Amino acid sequence: MLILKVAALGPIHGYAIVQRIQQISRDLLQIRQGSLYPALYRLQNRGWLKSEWNLTEGGREAKFYSLTKTGRQQLKAETAEWKLLCEAISLVLETAE
Amino acid sequence: MRWNSWLNRRRWERQMDAEFQFHLESQINDYVEQGLSREDAESRARREFGGLDLAKEECREQRPFEWLDHLLRDFRYASRSLRKSPGFTAAAILTLALAIGANTAIFSALEGVVLKPLPYRDPDRLVLVALYNRALKYPTSLSYPDFLDWQRSSRSFEQIAAFREQGFDLTSPGAPERVDGKEISSNFFRTFGVDLALGRELSLEEDRIAGPPAVVISNRLWRDRFAGSPTALGKTITLNGAGYTIVGVLRSGFHFNQQQADVYTALGRGNPLFLTDRAVHDTLCVARLHTEVSIDQARAEMNTVQEHVAQLNPDTARGQEAYIVPLKQFVVGDVGRTLLLLLGAVALLLLIACANFANLLLARCAVRKREFAVRLALGASHAQIVRHMVTESVLLSLTGGVLGLGLAKWGLSAALAAIPGSVPRIENIGMNPWVLLFAFGVSTVVGIMFGLLPALKSSKTDPQSGLKDGGRGSAAGHQRMQRVLVLVQIALTLVLLTGASLLFRTIHNLWAVNPGFDARHVITFQVGLSSSVTNTAPKERVAYEQLVERIRHTPRVEAVDITANVLFSGHRNEGAFWLSSQQPASLAEIPRAIYYPVGPDHVNTMKIPLLRGRFFTTADKVDSEKVVVIDSLLARSYFPDGDAVGQTITFPRWGAARNVAFRIVGVVGHVEHYELDGSSGQKPEIYYSFYQLPDEVLQAFSRQVTLAVRTPLDAAAMMPAIRKAVSEAGADQPVYNIQTMQELVSRSMGQRFPTFLLTAFAVLALVLASVGTYGVISYSTSQRTHEIGIRVALGASRRDVLQMIIGEGVRLGLIGVAIGASAALIFARALPGFSHLLYGIGASDPLTLVGTSFVLMGTAILACYIPARRAARLDPMIALRSE
C-alpha cells in the first residue's frame, strides 16, 4: 500500500521509492531494499503498477513505475480499509482504558 | 505483453540487472556525496540492499508464466533421469501403452457406436414404429395398410415413413451390377431431415400402384454411372429389367441400417397383393415425433389407433399393440451392453497395469532413497521431490498414452476386420477429439494418481536415516504395499481369465450344437437371372430348373438346389398356419412357422434327414396337388400320437387365394434357423416347393432365391466353374453374395465378438500379473539376501530356501485367487449383460473357476521360481558380504 501511495505521486524509480518512504516515515520504517523489487514486480503483475524506461534528472536510464487505473482504485480501497481498521483499533484501545 | 517476458527472458534478465545496478549506483553516489569513501559507500550500499541473488530469484518468481518454466524444467529433469534407466522406463511405458491402448480402442468403439448421435436432423425425435404381437410375444413390422392408417390418423408424429430392404439388378447404364436398395414411402428423406444433393424426393403420385417409375440414387452411383453430372436428372436406369427415371440424387454419407443402399424406389408401386393385405407384416416404419410429444404419449395414441384398426379388421389385426422405440436403440441394439462390458474388462486391465506401474515406481523409489536423502539434505523441499516424482510418472504415462493411441488405432482396425457384420455403425468408429481426450485424460490421471502414491510414501523419509542405512529403512512399508498391489493384480486377472474362459467354452458349446443339417462343404450364392428369361412366371420356373440342372452337371458338385429362405442368413419368412378346417378368429393370434420355399433337392444338399414320407419331386408342379413337408417339431407337437403324413395343413394366404389346404407328404428333421443357442425360441418349420408358388407372387420370391451347392471344394476353387456354367446360360447374369454355410453359421455368433477380445485382454492380464509377482518376489528376495545367507550358513538346505520363497509366492497367489474368485462370482450375478452371452454354461461355473485358478496359481509359482532358484544358489559367504 505504501508503494502504491508513493507511486501515486507520479512516475518514480525503485531507488527513489526507498528514499521517499524512509523520508516520509522519518526513517521509522526501514524496508530491506532488496525485497522492494519482488514487491514491485508482483504489483506490476497484478496490473496495479506500470513501468517504463526513462531518463532521470541526472541523465541516467532508470525504470519508472506509475499507478494504473486499477491500481488507483486498489489504493483507494486499501486506504479506506486501513483507516477503518485503525479507527476500530483505537476505539477498542480507548474504550478499554 | 505478459507473454513477452516469458518468451524473451534474456532481455527481461538484462532489464532486471540494469534496474538493480541503477539502484546500487544511486545509493553509492549518495553516500559518496555524504562524505564516505568510495569503497565504504559500495560495501554499505550492498549491505543495505541485502542478498542480490536472492532478490533476483524472488523477482523471477514473480515473473508471469514462471510456473510454465518450472514445469518444463521438471519435465527436462524427469526425462533425463528416466533416460538413465532405460529398462525401467521401457517396462513402465509398455505396460501402460498396452492398457491405455486397449481402453482407448474400446472407448472409441463405444463412442462411435453408442454415444455418437445418429447423423440425422434432431435424431432424438426419430423412433422406430412397429407392432407388438401379444399372443406370440414379439414385435413385428406393420403391414402396408396399417402404415397408411397410422400415417393418416396420428397426431404425435410429424412424419411416418415406411421402407423395405430390396436388392436390384442394375443393368444399364454401364456394366450389370447387383445393388442394394430400399423401397420407400415418398416422405422417407423428409422424415430423416436429409436434404438431397440434386433433384427431389419421390412424389405422392409416384408412390402408388401403377404410378410412374421413379428412383432416387445414391451419391456413389451418381458419380460412378453419371460422372457426377447434373444432367443425370431425368435419365433412366434399368432395375430388374424395368426403366426408372432418376428424380433425385442423395448427398454422400447418407446411411441407414447396415447396408449401403444405392437405389430408392417407391414402396407404393409394389405388388398390390401385398400392399392391400393386413396379414403381410413387412413394412418397417420410422417416424419423427412432434416436439413436446414423448414416446409414451405417442404409444398411447397409436394404441388407440390400432384398437380402431383391429375393430375394423378382427380377422387379421386383433391382438396387437403399438411398439415404439427410439431409433438409436433399434440401430444399436444389444451391442451397447456388450461394449460396456468390454469397457469394464479393459478398465480391469488398466487397473492391473497400474498396479504394475505403481510397483515399478515403488521399486525405483527404494533404489533412489539415497538420492532423495541427498537432495533433501541439500535443501530441496518434500514438495519438490514429490513434484519431481509425479512429473516423472506423468511423463511415463503420457508417453504410454501416445504409444497406446497408436496401438489402439492399429488394434481396432485389426479387430473390426475380424468381426464383420456384428457391430452396427461400424463406420463411425475411429479416432476423434473425444477419443484423444479420453486417452489423454486416462494417461494423466493414471500418471498423477499412481505416481503420487509411491512419491508420498517415499518422501516421508528423513534425510538422516536415508543417508545412513542406504536404502533398507522403510523397505517393510514398501513391501506391504507391493504385496497388496500384487494381490489386486492376481484377483483382477482371475476375474478376466474366468470371463474369457466362460465365453470360450460358450463358443465351444455352440459349435457342438447339432444344427440339424451339415453346414460343412456348402456354398451359397445368388444369380441375377436375365430379365429376358424371367419376364413371365412359367419361363422363370423353367429358367431356375435349367440353372440348377446346369450347375448339377459341373464337376465336383455333389448336390445343388434353390431355396428362398437361407438358413442362418437372418432372413425372416414366417407365416401362420392351422390344422383343422376351421379358420381361427384372428391371424395375429395363431402360431407361426418358418416357411421354406425350396427346390426338390434341398434336403440332400443340406443333408437334412428325411424321417417319414417323401420330399418334393419334379412332379410337384404348379398345377398338381399342393403339398408340404413339415419338420419333426411340428409333427411332434401337432400330431403327437398319429402319423402326420397324409394330413392337411392350411395356409391363410397362397398368392391371391385365401385359406389353401396342403397335404403333408413328408417329415424331415428340425433345423436351427436363426441361431445355434435357440435364443429366439424353437419354431416349427414348413417346406413347400418353390415351383408350386402361384404366378402372381413368384416374382416377389425370386429376389430371395439362393443356390446352395454341396461340394468338397472350397469356395475359391469351386466358384470359377460355377460362374462359367452360369454365364454360359446368359452373359448378363451376375453371381453375387457368395458365402459358405459355415460363414453364415459363425456370423450368427457375431454377438459373441467379445470372446476374442476378452481372451486377448485376459492373456495380457496374466502376463502383467506374473511380471508383477516376479518383480515383488525377486525384490523381496534381494532384500533378504543377508538373511538367506545366514540361514544357509546355519545349515538350511537349498531345498529349504526354494520352499520358503516359493511358499511366499503361493501364499500371495492363494489369497489373490480367493479374492478374485469371490469377485468373479459377484460379477457373474451382477452382470446380466454378460450371462446373456453364455450358452450351455452358468456364469458361476465351478469347473471354469477352478481351472482358471489353477492356471493362475501355476503362473504365480513359475514367476517365483526364478528368484527362488537364484536365492537357493547363493553362496553364503558372498551373501553375507553383500552389504
# chains A, B, ... in the order shown; residues from 1 in each chain; ligands from 1

call {"tool": "interface_residues", "arguments": {"of": "chain B", "to": "chain A", "cutoff": "8 Å", "atoms": "only C-alpha atoms", "output": "list of chain:residue names"}}
result
B:Ala18, B:Glu19, B:Phe22, B:His23, B:Ser26, B:Gln27, B:Glu48, B:Phe49, B:Gly50, B:Gly51, B:Leu52, B:Ala55, B:Lys56, B:Glu58, B:Cys59, B:Arg60, B:Gln62, B:Arg63, B:Pro64

call {"tool": "write_last_selection", "arguments": {"atoms": "N, CA and C atoms", "output": "tab-separated table (two decimals), in the first residue's frame"}}
result
chain	number	residue	atom	x	y	z
B	18	ALA	N	19.93	-4.20	-14.96
B	18	ALA	CA	20.15	-2.76	-15.12
B	18	ALA	C	19.46	-1.99	-14.00
B	19	GLU	N	18.26	-2.46	-13.66
B	19	GLU	CA	17.49	-1.76	-12.63
B	19	GLU	C	18.19	-1.84	-11.28
B	22	PHE	N	21.33	0.29	-11.27
B	22	PHE	CA	20.98	1.70	-11.11
B	22	PHE	C	20.73	2.03	-9.65
B	23	HIS	N	19.99	1.12	-8.98
B	23	HIS	CA	19.66	1.33	-7.57
B	23	HIS	C	20.93	1.44	-6.75
B	26	SER	N	23.04	4.59	-7.51
B	26	SER	CA	22.46	5.81	-6.94
B	26	SER	C	22.77	5.89	-5.46
B	27	GLN	N	22.62	4.74	-4.79
B	27	GLN	CA	22.89	4.71	-3.35
B	27	GLN	C	24.35	5.06	-3.06
B	48	GLU	N	23.06	-2.80	2.73
B	48	GLU	CA	21.67	-2.39	2.94
B	48	GLU	C	20.72	-3.03	1.93
B	49	PHE	N	21.25	-3.27	0.73
B	49	PHE	CA	20.38	-3.88	-0.28
B	49	PHE	C	20.03	-5.32	0.08
B	50	GLY	N	20.94	-6.00	0.75
B	50	GLY	CA	20.71	-7.40	1.07
B	50	GLY	C	21.21	-8.29	-0.06
B	51	GLY	N	20.88	-9.60	0.03
B	51	GLY	CA	21.38	-10.56	-0.98
B	51	GLY	C	20.88	-10.23	-2.36
B	52	LEU	N	21.81	-9.89	-3.26
B	52	LEU	CA	21.42	-9.50	-4.61
B	52	LEU	C	20.77	-10.68	-5.36
B	55	ALA	N	17.31	-11.54	-4.09
B	55	ALA	CA	16.31	-10.60	-4.59
B	55	ALA	C	15.94	-10.92	-6.04
B	56	LYS	N	17.00	-11.25	-6.83
B	56	LYS	CA	16.74	-11.58	-8.24
B	56	LYS	C	15.83	-12.81	-8.34
B	58	GLU	N	13.75	-13.92	-6.18
B	58	GLU	CA	12.37	-13.61	-5.77
B	58	GLU	C	11.64	-12.87	-6.88
B	59	CYS	N	12.37	-11.99	-7.58
B	59	CYS	CA	11.74	-11.29	-8.71
B	59	CYS	C	11.34	-12.26	-9.79
B	60	ARG	N	12.24	-13.23	-10.05
B	60	ARG	CA	11.93	-14.21	-11.11
B	60	ARG	C	10.66	-14.97	-10.77
B	62	GLN	N	8.18	-13.87	-9.45
B	62	GLN	CA	7.02	-13.03	-9.74
B	62	GLN	C	6.71	-12.92	-11.23
B	63	ARG	N	7.69	-13.40	-12.03
B	63	ARG	CA	7.51	-13.26	-13.46
B	63	ARG	C	6.25	-14.01	-13.93
B	64	PRO	N	5.48	-13.46	-14.86
B	64	PRO	CA	4.31	-14.19	-15.37
B	64	PRO	C	4.77	-15.50	-16.02

call {"tool": "residues_around", "arguments": {"residues": "Ala860 (chain B)", "least_positions_apart": "3", "cutoff": "8 Å", "atoms": "only C-alpha atoms", "output": "list in words"}}
result
Ser770, Thr773, Tyr774, Gly809, Val810, Gly813, Leu856, Met857, Ala863 and Cys864 of chain B

call {"tool": "write_last_selection", "arguments": {"atoms": "C-alpha atoms", "output": "PDB file, in the first residue's frame"}}
result
ATOM      1  CA  SER B 770       3.094 -62.686 -13.484  1.00  0.00           C
ATOM      2  CA  THR B 773       4.539 -61.270  -8.958  1.00  0.00           C
ATOM      3  CA  TYR B 774       8.021 -61.885 -10.292  1.00  0.00           C
ATOM      4  CA  GLY B 809       4.532 -66.704  -3.733  1.00  0.00           C
ATOM      5  CA  VAL B 810       1.960 -69.421  -3.129  1.00  0.00           C
ATOM      6  CA  GLY B 813      -1.348 -66.392  -5.026  1.00  0.00           C
ATOM      7  CA  LEU B 856      -3.164 -68.506 -12.290  1.00  0.00           C
ATOM      8  CA  MET B 857      -1.509 -70.337  -9.384  1.00  0.00           C
ATOM      9  CA  ALA B 863       7.074 -66.373 -11.584  1.00  0.00           C
ATOM     10  CA  CYS B 864       8.529 -67.103  -8.124  1.00  0.00           C
TER      11      CYS B 864
END

call {"tool": "residues_around", "arguments": {"residues": "region 660-668 of chain B", "least_positions_apart": "6", "cutoff": "10 Å", "atoms": "only C-alpha atoms", "output": "PyMOL selection string"}}
result
chain B and resi 516+577-581+603+608-616+625-635+643-654+685-688

call {"tool": "residues_around", "arguments": {"residues": "Gln260 (chain B)", "least_positions_apart": "2", "cutoff": "10 Å", "atoms": "only C-alpha atoms", "output": "PyMOL selection string"}}
result
chain B and resi 179-182+218+220+253-258+262-263

call {"tool": "select_by_dssp", "arguments": {"residues": "region 10-92 of chain A", "states": "alpha helix (DSSP H)", "output": "ChimeraX atom specification"}}
result
/A:14-24,36-45,69-92
